[in-house]
Amino acid sequence: MPESNVLPLKPKDSQKAGAGFLISVDALGYRRGGRSLLDAVSFELGRDPGITVLLGPNGAGKSLLLRLIGGLIRPDSGTIRFSPDFRGPIGMVFQKPVLLRRSVRANLLHALAIARIPRRERTGILARLLVEADLTHCAESPARALSGGEQQRLAMARALVGDPVLLLLDEPTASLDPAATAAFEALVRKVAGEGARILLVTHDLHQARRIADDVLFLHKGRICEHTPAATFFRAPASGEADAYCKGTLLT
Amino acid sequence: MLFYSQLLEIVALSLEVSLVAVMLAALIGIPLGALLAIGRFPGRTALIVLVNALMGLPPVVVGLGLYLLLSRSGPLGILQLLYTPTAMIIAQTILVTPIIASFSHQIFADLHREYDEMLRAMRASRWQTILTLIREARHALITAILAGLGRALSEIGAVMIVGGNINHATRVMTTAIALETSKGNLRLAVSLGLILLALSFAINLALHFLRSRLERAAHA
Amino acid sequence: MRLPALPAALFVLLLPLAALAGKNEIILQSTTSTQNSGLYEYLLPLLERDTGLRVKVVAVGTGQALKNARNCDGDVVLVHARDAEEKFVADEYGLKRNDVMYNDFILIGPEDDPAGVRGARDITEALQRIAAAKAPFASRGDDSGTHRKELRLWKAAGLDPGAAREGWYRETGSGMGATLNIAAGMGAYALTDRATWISFANKGGLAILHEGDPALFNQYGVIAVNPAHCPGMNIKGAETFITWLLSEKGQKAIASYRLKGQQLFFPNAHSALPGNGG
Ligand SMILES: Nc1ncnc2c1ncn2[C@@H]1O[C@H](COP(=O)(O)OP(=O)(O)OP(=O)(O)O)[C@@H](O)[C@H]1O
Ligand SMILES: [Mg+2]
């Protein structure tokens, strides 16, 4: 996990800092081609389990932020710190699912193998994941032949391998039907209830209202606000978020 | 004149030499291609250019270089490999490895671009990454192997020099064709050429079906 | 499919090593005419029956054969360029040089004979007519026995077409058969040994235009590689081969080889230089 700019805190630092966060993002900057794509992004995600919804218009930098937190790319400035007792994998679902050219079952078995789950435990976990993602009926189908929604559910099931404490989900319900969306939300709630922290990007405001504990609003690479969900949906603190919710925000 | 039993012997040796050479070349070339696509080490770009350039290596040059090595007065003469099928296998392995390595490099580079972030998100080790990519590349790699096999089966310059075209020992399809041509038996030479073509066609057909079966299973 | 592959590869790689060790077998570095004419296919089974010796023939031009033997990549040479053979022995790469058999060279060319060599008194005049007519001539150009012979004949005729870079003189840089194919393809004259010519199947519009000049005599010699120079070579096998070839039996076998009803090689291991053969 440790990337050069991702500094795990030493135990005594974290005590000094109050040990209240799971992740602390500080003055994060990311530039490409002379454009500042993320600028002075700072926020904390608490240690307590919960669902943070990341909102923002197209091109705001949401996917970029998730990839930075996941350690897939490096920031140009700023730091991302994890609490010292942070362990286990980070589960990620990308906006466009990347699936292996294998069956659904083989995709999950591959993830279990990569996570070094002992062989004898794999069958049990596999069966559980297939049920949770409602993929049992197509376990033997080639993953790339699945429908868009099924592919997203498979990506979600794969992200759950290894019981991650942090899940980074990039528009995971964008192609799900209402029933699947409801099932997905129930699953996310259950995972959160079991102690995981979830950072979820969505453009579905109803969904955000249904599951968010708190809301991060990103616009043009800057955090406009980070407020509890109830506050956000009653009256967003920032004008941008207000305009976004009303559908009048110009990007 | 060529008799049927002699023809079988020649065809069998051609297949043995070229198939073993391609297998060895695949064992070297595929990991090398993967390393070139995924690894980050000094001299990597130079190595990529070198491997691509080696694809154009004239077989005669390989044959000559190997002859100088394997000649009884050469540094490896003690092995007594000159004029044996082993020498021919070595020569063809040298010729085919750059082709398979170069094709695999391209295949792996494309797959790596596609899967890199996903595999890193899963915290896959380098070794796990390479194994995953090799598995994902399996149908595309068949094409690389076919290209190598084509070169091996059709090559004459190297096997002629290090094999010596010895009857019942190192005579293969291409050297037999050259011999019959030099005897003026053009009909027989062309017939042998057609047999070689048919062989190559059959192998391609078989691997084509293997490839499409794999692809149907993966729906890639 | 993947599991047995590696052991199989190792097996194939190690097989020849095992097979070579202590086998009653020699490598013969030979000129191409003896191979292309089918002589070895006739002779070697007889030899093997008598002596148990297996002979692996590498057929290349005389120059290449002697070079390979110098590198110790053969146990015996059978070639046809007397001066080169004698130098090979003088340089102590080979033991004794032995006459084995002879045939002769012939001048072939297009049936309609544009240079008019048919009426020539001897080969010298024939070559001069070709040069005068600037008729296409295909030369081996590969340092083979035949090539060396051809160069000596031009020299005797007071000509040096190779150095003159004249368009009608084409060096093919290939074996006898390939050169005959080229001559047939472009209607050129060429010098060839009679054995290759008789066994050559693609004669096209070519015919023998000059033969019988004593200068066209073609002697084959056999030499064992010097074990002092090549310690690993099979001297016993080489001696068995040469002894058999020069024996009554071997000489008779050479004489009895016929292709298309014609005798291709004339044994002369024991006789003094005979008259012209063929
Ligand atoms: N590697 C890169 N090079 C240059 N520009 C990039 C790169 N990656 C992302 N961008 C740009 O950064 C901006 C933010 O991209 P990002 O994918 O994070 O948007 P997003 O908030 O996820 O939008 P959406 O809601 O459409 O998914 C975009 O304008 C994009 O073009
Ligand atoms: Mg996005």
# chains A, B, ... in the order shown; residues from 1 in each chain; ligands from 1
>>> residues_near_ligand(ligand="ligand 1", cutoff="6 Å", atoms="only C-alpha atoms and all ligand atoms", output="list in words")
Arg32, Leu37, Pro57, Asn58, Gly59, Ala60, Gly61, Lys62, Ser63 and Leu64 of chain A
>>> residues_near_ligand(ligand="ligand 2", cutoff="12 Å", atoms="only C-alpha atoms and all ligand atoms", output="PyMOL selection string")
chain A and resi 54-67+93-96+168-172+174+200-203+218
>>> atom_distance(atom1="atom CA of Tyr83 of chain B", atom2="atom CA of Ile166 of chain B")
7.6 Å
>>> atom_distance(atom1="atom CA of Thr32 of chain C", atom2="atom CA of Gly175 of chain C")
7.4 Å
>>> residues_around(residues="Phe265 of chain C", least_positions_apart="4", cutoff="9 Å", atoms="only C-alpha atoms", output="ChimeraX atom specification")
/C:34,39,101-104,194-195,254-258,277-278
>>> write_last_selection(atoms="N, CA and C atoms", output="compact mmCIF listing (two decimals), in the first residue's frame")
# COMPACT_ATOMS: atom_id res chain seq x y z
N THR C 34 28.83 -35.95 -56.74
CA THR C 34 28.73 -37.35 -56.34
C THR C 34 27.40 -37.61 -55.62
N LEU C 39 25.18 -41.40 -56.56
CA LEU C 39 26.23 -42.41 -56.35
C LEU C 39 26.23 -42.95 -54.91
N MET C 101 38.43 -42.11 -58.61
CA MET C 101 37.69 -42.34 -59.86
C MET C 101 37.76 -41.06 -60.67
N TYR C 102 37.29 -41.13 -61.88
CA TYR C 102 37.27 -39.93 -62.70
C TYR C 102 36.03 -39.94 -63.57
N ASN C 103 35.71 -38.81 -64.08
CA ASN C 103 34.86 -38.71 -65.26
C ASN C 103 35.33 -37.47 -65.98
N ASP C 104 34.49 -36.76 -66.65
CA ASP C 104 35.01 -35.60 -67.36
C ASP C 104 34.03 -34.44 -67.31
N ARG C 194 30.13 -34.47 -66.00
CA ARG C 194 29.19 -35.29 -66.76
C ARG C 194 28.17 -35.97 -65.85
N ALA C 195 28.58 -36.36 -64.64
CA ALA C 195 27.67 -37.08 -63.75
C ALA C 195 26.47 -36.21 -63.40
N ILE C 254 31.80 -48.82 -57.87
CA ILE C 254 31.74 -47.52 -58.55
C ILE C 254 31.47 -47.71 -60.04
N ALA C 255 32.18 -48.67 -60.61
CA ALA C 255 32.05 -48.89 -62.05
C ALA C 255 30.66 -49.40 -62.42
N SER C 256 30.03 -50.10 -61.47
CA SER C 256 28.75 -50.70 -61.83
C SER C 256 27.57 -49.76 -61.60
N TYR C 257 27.83 -48.55 -61.08
CA TYR C 257 26.71 -47.63 -60.88
C TYR C 257 26.31 -47.01 -62.21
N ARG C 258 25.07 -47.16 -62.55
CA ARG C 258 24.59 -46.64 -63.83
C ARG C 258 23.34 -45.79 -63.61
N GLY C 277 38.04 -40.29 -70.13
CA GLY C 277 36.89 -41.12 -69.81
C GLY C 277 35.63 -40.63 -70.47
N GLY C 278 34.56 -41.32 -70.15
CA GLY C 278 33.21 -40.90 -70.46
C GLY C 278 32.86 -41.00 -71.90
>>> closest_atom_pairs(of="chain C", to="chain B", cutoff="6 Å", atoms="only C-alpha atoms", output="CSV")
residue,atom,partner,partner_atom,distance
C:Leu13,CA,B:Thr86,CA,5.4
C:Asn36,CA,B:Lys183,CA,5.9
C:Lys56,CA,B:Ile166,CA,5.9
C:Val57,CA,B:Ile166,CA,5.5
C:Val58,CA,B:Gly164,CA,5.2
C:Asn71,CA,B:Ser73,CA,5.1
C:Cys72,CA,B:Arg72,CA,5.4
C:Asp73,CA,B:Arg72,CA,5.7
C:Gly177,CA,B:Ser182,CA,3.8
C:Ala178,CA,B:Ser182,CA,4.9
C:Phe200,CA,B:Lys183,CA,5.1
C:Ala201,CA,B:Gly184,CA,4.5
C:Asn202,CA,B:Gly184,CA,4.5
>>> residues_around(residues="Ala192 of chain A", least_positions_apart="2", cutoff="10 Å", atoms="only C-alpha atoms", output="ChimeraX atom specification")
/A:48-51,165-167,186-190,194-198
>>> write_last_selection(atoms="N, CA and C atoms", output="PDB file, in the first residue's frame")
ATOM      1  N   ASP A  48     -15.238   5.667  12.154  1.00  0.00           N
ATOM      2  CA  ASP A  48     -16.499   4.957  12.316  1.00  0.00           C
ATOM      3  C   ASP A  48     -17.025   4.513  10.961  1.00  0.00           C
ATOM      4  N   PRO A  49     -17.663   3.328  10.930  1.00  0.00           N
ATOM      5  CA  PRO A  49     -18.189   2.857   9.659  1.00  0.00           C
ATOM      6  C   PRO A  49     -19.253   3.813   9.137  1.00  0.00           C
ATOM      7  N   GLY A  50     -19.409   3.841   7.814  1.00  0.00           N
ATOM      8  CA  GLY A  50     -20.422   4.718   7.259  1.00  0.00           C
ATOM      9  C   GLY A  50     -20.267   4.851   5.765  1.00  0.00           C
ATOM     10  N   ILE A  51     -21.195   5.559   5.160  1.00  0.00           N
ATOM     11  CA  ILE A  51     -21.200   5.717   3.716  1.00  0.00           C
ATOM     12  C   ILE A  51     -21.051   7.198   3.385  1.00  0.00           C
ATOM     13  N   VAL A 165     -11.700  -2.905   4.470  1.00  0.00           N
ATOM     14  CA  VAL A 165     -12.215  -1.924   5.428  1.00  0.00           C
ATOM     15  C   VAL A 165     -12.625  -0.647   4.720  1.00  0.00           C
ATOM     16  N   LEU A 166     -12.119  -0.486   3.500  1.00  0.00           N
ATOM     17  CA  LEU A 166     -12.458   0.713   2.733  1.00  0.00           C
ATOM     18  C   LEU A 166     -12.877   0.285   1.332  1.00  0.00           C
ATOM     19  N   LEU A 167     -14.026   0.782   0.892  1.00  0.00           N
ATOM     20  CA  LEU A 167     -14.501   0.471  -0.456  1.00  0.00           C
ATOM     21  C   LEU A 167     -14.619   1.769  -1.243  1.00  0.00           C
ATOM     22  N   ALA A 186     -28.776  -2.326  -0.327  1.00  0.00           N
ATOM     23  CA  ALA A 186     -28.877  -3.143   0.879  1.00  0.00           C
ATOM     24  C   ALA A 186     -27.524  -3.775   1.193  1.00  0.00           C
ATOM     25  N   LEU A 187     -26.865  -4.258   0.125  1.00  0.00           N
ATOM     26  CA  LEU A 187     -25.561  -4.890   0.310  1.00  0.00           C
ATOM     27  C   LEU A 187     -24.551  -3.890   0.876  1.00  0.00           C
ATOM     28  N   VAL A 188     -24.572  -2.668   0.304  1.00  0.00           N
ATOM     29  CA  VAL A 188     -23.625  -1.660   0.767  1.00  0.00           C
ATOM     30  C   VAL A 188     -23.882  -1.327   2.233  1.00  0.00           C
ATOM     31  N   ARG A 189     -25.148  -1.219   2.567  1.00  0.00           N
ATOM     32  CA  ARG A 189     -25.478  -0.922   3.959  1.00  0.00           C
ATOM     33  C   ARG A 189     -24.992  -2.015   4.879  1.00  0.00           C
ATOM     34  N   LYS A 190     -25.180  -3.277   4.398  1.00  0.00           N
ATOM     35  CA  LYS A 190     -24.776  -4.411   5.219  1.00  0.00           C
ATOM     36  C   LYS A 190     -23.259  -4.375   5.442  1.00  0.00           C
ATOM     37  N   GLU A 194     -21.094  -3.866   8.858  1.00  0.00           N
ATOM     38  CA  GLU A 194     -20.092  -4.797   9.362  1.00  0.00           C
ATOM     39  C   GLU A 194     -18.768  -4.097   9.656  1.00  0.00           C
ATOM     40  N   GLY A 195     -18.746  -2.800   9.437  1.00  0.00           N
ATOM     41  CA  GLY A 195     -17.566  -2.060   9.870  1.00  0.00           C
ATOM     42  C   GLY A 195     -16.749  -1.416   8.774  1.00  0.00           C
ATOM     43  N   ALA A 196     -17.206  -1.481   7.522  1.00  0.00           N
ATOM     44  CA  ALA A 196     -16.396  -0.905   6.444  1.00  0.00           C
ATOM     45  C   ALA A 196     -16.769   0.556   6.211  1.00  0.00           C
ATOM     46  N   ARG A 197     -15.771   1.274   5.725  1.00  0.00           N
ATOM     47  CA  ARG A 197     -16.006   2.662   5.340  1.00  0.00           C
ATOM     48  C   ARG A 197     -16.206   2.662   3.817  1.00  0.00           C
ATOM     49  N   ILE A 198     -17.209   3.379   3.353  1.00  0.00           N
ATOM     50  CA  ILE A 198     -17.494   3.353   1.924  1.00  0.00           C
ATOM     51  C   ILE A 198     -17.484   4.759   1.359  1.00  0.00           C
TER      52      ILE A 198
END
>>> residues_around(residues="segment 112-128 of chain C", least_positions_apart="3", cutoff="9 Å", atoms="only C-alpha atoms", output="VMD selection string")
chain C and resid 107 109 131 to 135 153 to 154 156 to 159 189 205 to 206 209 to 213 215 to 216
>>> interface_residues(of="chain B", to="chain A", cutoff="10 Å", atoms="only C-alpha atoms", output="VMD selection string")
chain B and resid 114 to 125 128 to 129 132 to 133 135 to 137 214 to 220
>>> residues_around(residues="Thr136 of chain A", least_positions_apart="6", cutoff="12 Å", atoms="only C-alpha atoms", output="JSON, numbers by chain")
{"A": [103, 104, 105, 108, 126, 127, 128, 129, 130, 150, 153, 154, 157]}
>>> write_last_selection(atoms="N, CA, C and O atoms", output="mmCIF file, in the first residue's frame")
data_model
loop_
_atom_site.group_PDB
_atom_site.id
_atom_site.type_symbol
_atom_site.label_atom_id
_atom_site.label_comp_id
_atom_site.auth_asym_id
_atom_site.auth_seq_id
_atom_site.Cartn_x
_atom_site.Cartn_y
_atom_site.Cartn_z
ATOM 1 N N SER A 103 -14.805 -16.840 -17.143
ATOM 2 C CA SER A 103 -16.161 -16.930 -16.631
ATOM 3 C C SER A 103 -16.293 -16.080 -15.370
ATOM 4 O O SER A 103 -15.301 -15.638 -14.790
ATOM 5 N N VAL A 104 -17.530 -15.854 -14.974
ATOM 6 C CA VAL A 104 -17.809 -15.117 -13.747
ATOM 7 C C VAL A 104 -17.116 -15.789 -12.565
ATOM 8 O O VAL A 104 -16.402 -15.153 -11.782
ATOM 9 N N ARG A 105 -17.303 -17.116 -12.484
ATOM 10 C CA ARG A 105 -16.691 -17.861 -11.402
ATOM 11 C C ARG A 105 -15.175 -17.689 -11.408
ATOM 12 O O ARG A 105 -14.562 -17.410 -10.365
ATOM 13 N N LEU A 108 -13.937 -14.394 -10.063
ATOM 14 C CA LEU A 108 -13.937 -14.310 -8.597
ATOM 15 C C LEU A 108 -12.846 -15.189 -7.997
ATOM 16 O O LEU A 108 -12.156 -14.783 -7.054
ATOM 17 N N LEU A 126 -16.781 -17.958 -2.486
ATOM 18 C CA LEU A 126 -17.274 -17.787 -3.853
ATOM 19 C C LEU A 126 -18.797 -17.903 -3.879
ATOM 20 O O LEU A 126 -19.488 -17.043 -4.446
ATOM 21 N N ALA A 127 -19.317 -18.942 -3.240
ATOM 22 C CA ALA A 127 -20.769 -19.147 -3.241
ATOM 23 C C ALA A 127 -21.471 -17.956 -2.593
ATOM 24 O O ALA A 127 -22.484 -17.466 -3.093
ATOM 25 N N ARG A 128 -20.898 -17.468 -1.495
ATOM 26 C CA ARG A 128 -21.515 -16.336 -0.792
ATOM 27 C C ARG A 128 -21.523 -15.086 -1.689
ATOM 28 O O ARG A 128 -22.546 -14.401 -1.818
ATOM 29 N N LEU A 129 -20.390 -14.832 -2.347
ATOM 30 C CA LEU A 129 -20.300 -13.641 -3.200
ATOM 31 C C LEU A 129 -21.282 -13.720 -4.363
ATOM 32 O O LEU A 129 -21.922 -12.734 -4.732
ATOM 33 N N LEU A 130 -21.399 -14.933 -4.950
ATOM 34 C CA LEU A 130 -22.323 -15.103 -6.083
ATOM 35 C C LEU A 130 -23.742 -14.795 -5.646
ATOM 36 O O LEU A 130 -24.512 -14.163 -6.376
ATOM 37 N N GLU A 150 -25.043 -6.704 -14.863
ATOM 38 C CA GLU A 150 -24.406 -7.899 -14.302
ATOM 39 C C GLU A 150 -22.896 -7.694 -14.155
ATOM 40 O O GLU A 150 -22.290 -8.131 -13.178
ATOM 41 N N ARG A 153 -22.257 -5.742 -11.106
ATOM 42 C CA ARG A 153 -22.446 -6.540 -9.883
ATOM 43 C C ARG A 153 -21.251 -7.465 -9.671
ATOM 44 O O ARG A 153 -20.819 -7.685 -8.533
ATOM 45 N N LEU A 154 -20.726 -7.987 -10.780
ATOM 46 C CA LEU A 154 -19.541 -8.841 -10.647
ATOM 47 C C LEU A 154 -18.358 -8.018 -10.119
ATOM 48 O O LEU A 154 -17.604 -8.465 -9.245
ATOM 49 N N ALA A 157 -18.840 -7.637 -6.482
ATOM 50 C CA ALA A 157 -18.533 -8.867 -5.754
ATOM 51 C C ALA A 157 -17.021 -9.029 -5.625
ATOM 52 O O ALA A 157 -16.500 -9.411 -4.575
#
>>> atom_distance(atom1="atom CA of Glu225 of chain A", atom2="atom CA of Glu185 of chain A")
23.8 Å
>>> select_by_dssp(residues="segment 127-248 of chain C", states="strand (DSSP E or B)", output="PyMOL selection string")
chain C and resi 137-139+169-171+189-193+206-210+217-225
>>> write_last_selection(atoms="C-alpha atoms", output="PDB file, in the first residue's frame")
ATOM      1  CA  PHE C 137      27.914 -18.030 -69.835  1.00  0.00           C
ATOM      2  CA  ALA C 138      26.871 -19.232 -66.364  1.00  0.00           C
ATOM      3  CA  SER C 139      29.813 -19.759 -64.036  1.00  0.00           C
ATOM      4  CA  TYR C 169      29.668 -13.737 -67.947  1.00  0.00           C
ATOM      5  CA  ARG C 170      27.389 -14.512 -64.975  1.00  0.00           C
ATOM      6  CA  GLU C 171      28.712 -15.831 -61.709  1.00  0.00           C
ATOM      7  CA  TYR C 189      26.612 -21.924 -71.800  1.00  0.00           C
ATOM      8  CA  ALA C 190      28.110 -23.643 -68.750  1.00  0.00           C
ATOM      9  CA  LEU C 191      30.813 -26.065 -67.735  1.00  0.00           C
ATOM     10  CA  THR C 192      29.574 -29.093 -65.812  1.00  0.00           C
ATOM     11  CA  ASP C 193      30.768 -32.513 -64.767  1.00  0.00           C
ATOM     12  CA  LEU C 206      20.403 -27.366 -73.363  1.00  0.00           C
ATOM     13  CA  ALA C 207      22.703 -29.900 -75.011  1.00  0.00           C
ATOM     14  CA  ILE C 208      26.311 -31.070 -74.826  1.00  0.00           C
ATOM     15  CA  LEU C 209      28.229 -28.840 -77.261  1.00  0.00           C
ATOM     16  CA  HIS C 210      31.826 -29.778 -76.566  1.00  0.00           C
ATOM     17  CA  PHE C 217      39.552 -34.645 -67.382  1.00  0.00           C
ATOM     18  CA  ASN C 218      37.909 -34.686 -63.937  1.00  0.00           C
ATOM     19  CA  GLN C 219      39.692 -36.612 -61.205  1.00  0.00           C
ATOM     20  CA  TYR C 220      38.112 -37.323 -57.810  1.00  0.00           C
ATOM     21  CA  GLY C 221      40.327 -37.783 -54.778  1.00  0.00           C
ATOM     22  CA  VAL C 222      39.703 -39.001 -51.261  1.00  0.00           C
ATOM     23  CA  ILE C 223      41.619 -37.870 -48.164  1.00  0.00           C
ATOM     24  CA  ALA C 224      41.328 -38.830 -44.511  1.00  0.00           C
ATOM     25  CA  VAL C 225      41.427 -35.860 -42.146  1.00  0.00           C
TER      26      VAL C 225
END
>>> residues_around(residues="Ser271 of chain C", least_positions_apart="2", cutoff="12 Å", atoms="only C-alpha atoms", output="tab-separated table (two decimals) with N, CA and C atoms, in the first residue's frame")
chain	number	residue	atom	x	y	z
C	98	ASN	N	44.31	-39.87	-52.24
C	98	ASN	CA	44.21	-41.05	-53.10
C	98	ASN	C	43.30	-40.76	-54.29
C	99	ASP	N	43.73	-41.18	-55.47
C	99	ASP	CA	42.82	-41.16	-56.62
C	99	ASP	C	41.72	-42.19	-56.38
C	100	VAL	N	40.48	-41.84	-56.71
C	100	VAL	CA	39.38	-42.79	-56.52
C	100	VAL	C	38.76	-43.14	-57.86
C	101	MET	N	38.43	-42.11	-58.61
C	101	MET	CA	37.69	-42.34	-59.86
C	101	MET	C	37.76	-41.06	-60.67
C	102	TYR	N	37.29	-41.13	-61.88
C	102	TYR	CA	37.27	-39.93	-62.70
C	102	TYR	C	36.03	-39.94	-63.57
C	246	LEU	N	38.87	-48.00	-52.16
C	246	LEU	CA	39.98	-48.26	-53.07
C	246	LEU	C	40.14	-49.75	-53.34
C	248	GLU	N	39.23	-53.63	-54.47
C	248	GLU	CA	38.65	-54.24	-55.67
C	248	GLU	C	37.12	-54.07	-55.66
C	251	GLN	N	35.92	-50.41	-55.97
C	251	GLN	CA	36.14	-49.91	-57.32
C	251	GLN	C	35.14	-50.51	-58.30
C	266	PHE	N	34.33	-43.54	-63.32
C	266	PHE	CA	35.25	-44.59	-63.77
C	266	PHE	C	36.36	-44.76	-62.74
C	267	PRO	N	36.36	-45.88	-62.03
C	267	PRO	CA	37.33	-46.08	-60.96
C	267	PRO	C	38.76	-46.09	-61.52
C	268	ASN	N	39.69	-45.45	-60.83
C	268	ASN	CA	41.08	-45.50	-61.28
C	268	ASN	C	42.06	-45.45	-60.11
C	269	ALA	N	41.69	-46.09	-59.02
C	269	ALA	CA	42.55	-46.08	-57.85
C	269	ALA	C	43.86	-46.80	-58.12
C	273	LEU	N	47.34	-42.97	-64.73
C	273	LEU	CA	46.41	-42.06	-65.42
C	273	LEU	C	45.93	-42.68	-66.72
C	274	PRO	N	44.66	-42.89	-66.84
C	274	PRO	CA	44.15	-43.46	-68.08
C	274	PRO	C	43.93	-42.36	-69.10
C	275	GLY	N	43.47	-42.77	-70.21
C	275	GLY	CA	43.09	-41.79	-71.22
C	275	GLY	C	41.81	-41.11	-70.80
>>> select_by_dssp(residues="segment 96-249 of chain A", states="helix (DSSP H, G or I)", output="MDAnalysis selection string")
chainID A and resid 104:114 119:132 136:138 143:145 148:159 178:193 205:211 229:234 239:246
>>> decode(residues="segment 107-122 of chain B", atoms="N, CA, C and O atoms", output="PDB file, in the first residue's frame")
ATOM      1  N   ILE B 107       1.424  -7.839 -27.413  1.00  0.00           N
ATOM      2  CA  ILE B 107       0.200  -8.372 -26.811  1.00  0.00           C
ATOM      3  C   ILE B 107       0.143  -8.009 -25.325  1.00  0.00           C
ATOM      4  O   ILE B 107      -0.883  -7.543 -24.816  1.00  0.00           O
ATOM      5  N   PHE B 108       1.263  -8.213 -24.644  1.00  0.00           N
ATOM      6  CA  PHE B 108       1.282  -7.952 -23.200  1.00  0.00           C
ATOM      7  C   PHE B 108       1.185  -6.465 -22.895  1.00  0.00           C
ATOM      8  O   PHE B 108       0.576  -6.071 -21.903  1.00  0.00           O
ATOM      9  N   ALA B 109       1.780  -5.641 -23.754  1.00  0.00           N
ATOM     10  CA  ALA B 109       1.714  -4.204 -23.502  1.00  0.00           C
ATOM     11  C   ALA B 109       0.259  -3.737 -23.560  1.00  0.00           C
ATOM     12  O   ALA B 109      -0.204  -2.964 -22.707  1.00  0.00           O
ATOM     13  N   ASP B 110      -0.493  -4.242 -24.550  1.00  0.00           N
ATOM     14  CA  ASP B 110      -1.908  -3.859 -24.666  1.00  0.00           C
ATOM     15  C   ASP B 110      -2.703  -4.338 -23.455  1.00  0.00           C
ATOM     16  O   ASP B 110      -3.486  -3.602 -22.877  1.00  0.00           O
ATOM     17  N   LEU B 111      -2.495  -5.610 -23.093  1.00  0.00           N
ATOM     18  CA  LEU B 111      -3.241  -6.162 -21.958  1.00  0.00           C
ATOM     19  C   LEU B 111      -2.867  -5.452 -20.665  1.00  0.00           C
ATOM     20  O   LEU B 111      -3.710  -5.228 -19.796  1.00  0.00           O
ATOM     21  N   HIS B 112      -1.593  -5.111 -20.547  1.00  0.00           N
ATOM     22  CA  HIS B 112      -1.132  -4.477 -19.318  1.00  0.00           C
ATOM     23  C   HIS B 112      -1.810  -3.124 -19.138  1.00  0.00           C
ATOM     24  O   HIS B 112      -2.252  -2.771 -18.055  1.00  0.00           O
ATOM     25  N   ARG B 113      -1.903  -2.387 -20.261  1.00  0.00           N
ATOM     26  CA  ARG B 113      -2.583  -1.092 -20.201  1.00  0.00           C
ATOM     27  C   ARG B 113      -4.025  -1.287 -19.694  1.00  0.00           C
ATOM     28  O   ARG B 113      -4.513  -0.524 -18.881  1.00  0.00           O
ATOM     29  N   GLU B 114      -4.642  -2.358 -20.187  1.00  0.00           N
ATOM     30  CA  GLU B 114      -6.045  -2.583 -19.837  1.00  0.00           C
ATOM     31  C   GLU B 114      -6.206  -3.012 -18.376  1.00  0.00           C
ATOM     32  O   GLU B 114      -7.118  -2.558 -17.695  1.00  0.00           O
ATOM     33  N   TYR B 115      -5.315  -3.868 -17.898  1.00  0.00           N
ATOM     34  CA  TYR B 115      -5.531  -4.492 -16.587  1.00  0.00           C
ATOM     35  C   TYR B 115      -4.705  -3.891 -15.456  1.00  0.00           C
ATOM     36  O   TYR B 115      -4.899  -4.265 -14.299  1.00  0.00           O
ATOM     37  N   ASP B 116      -3.781  -3.014 -15.788  1.00  0.00           N
ATOM     38  CA  ASP B 116      -2.817  -2.568 -14.787  1.00  0.00           C
ATOM     39  C   ASP B 116      -3.481  -2.034 -13.516  1.00  0.00           C
ATOM     40  O   ASP B 116      -3.204  -2.492 -12.409  1.00  0.00           O
ATOM     41  N   GLU B 117      -4.390  -1.062 -13.677  1.00  0.00           N
ATOM     42  CA  GLU B 117      -4.995  -0.440 -12.489  1.00  0.00           C
ATOM     43  C   GLU B 117      -5.825  -1.440 -11.707  1.00  0.00           C
ATOM     44  O   GLU B 117      -5.787  -1.465 -10.477  1.00  0.00           O
ATOM     45  N   MET B 118      -6.543  -2.293 -12.440  1.00  0.00           N
ATOM     46  CA  MET B 118      -7.359  -3.281 -11.742  1.00  0.00           C
ATOM     47  C   MET B 118      -6.480  -4.203 -10.887  1.00  0.00           C
ATOM     48  O   MET B 118      -6.763  -4.442  -9.716  1.00  0.00           O
ATOM     49  N   LEU B 119      -5.387  -4.684 -11.492  1.00  0.00           N
ATOM     50  CA  LEU B 119      -4.529  -5.608 -10.757  1.00  0.00           C
ATOM     51  C   LEU B 119      -3.828  -4.907  -9.591  1.00  0.00           C
ATOM     52  O   LEU B 119      -3.643  -5.498  -8.526  1.00  0.00           O
ATOM     53  N   ARG B 120      -3.476  -3.638  -9.807  1.00  0.00           N
ATOM     54  CA  ARG B 120      -2.845  -2.933  -8.696  1.00  0.00           C
ATOM     55  C   ARG B 120      -3.844  -2.663  -7.581  1.00  0.00           C
ATOM     56  O   ARG B 120      -3.507  -2.720  -6.398  1.00  0.00           O
ATOM     57  N   ALA B 121      -5.091  -2.387  -7.966  1.00  0.00           N
ATOM     58  CA  ALA B 121      -6.126  -2.199  -6.940  1.00  0.00           C
ATOM     59  C   ALA B 121      -6.306  -3.482  -6.125  1.00  0.00           C
ATOM     60  O   ALA B 121      -6.608  -3.440  -4.941  1.00  0.00           O
ATOM     61  N   MET B 122      -6.095  -4.636  -6.793  1.00  0.00           N
ATOM     62  CA  MET B 122      -6.232  -5.911  -6.072  1.00  0.00           C
ATOM     63  C   MET B 122      -4.958  -6.241  -5.311  1.00  0.00           C
ATOM     64  O   MET B 122      -4.877  -7.289  -4.682  1.00  0.00           O
TER      65      MET B 122
END
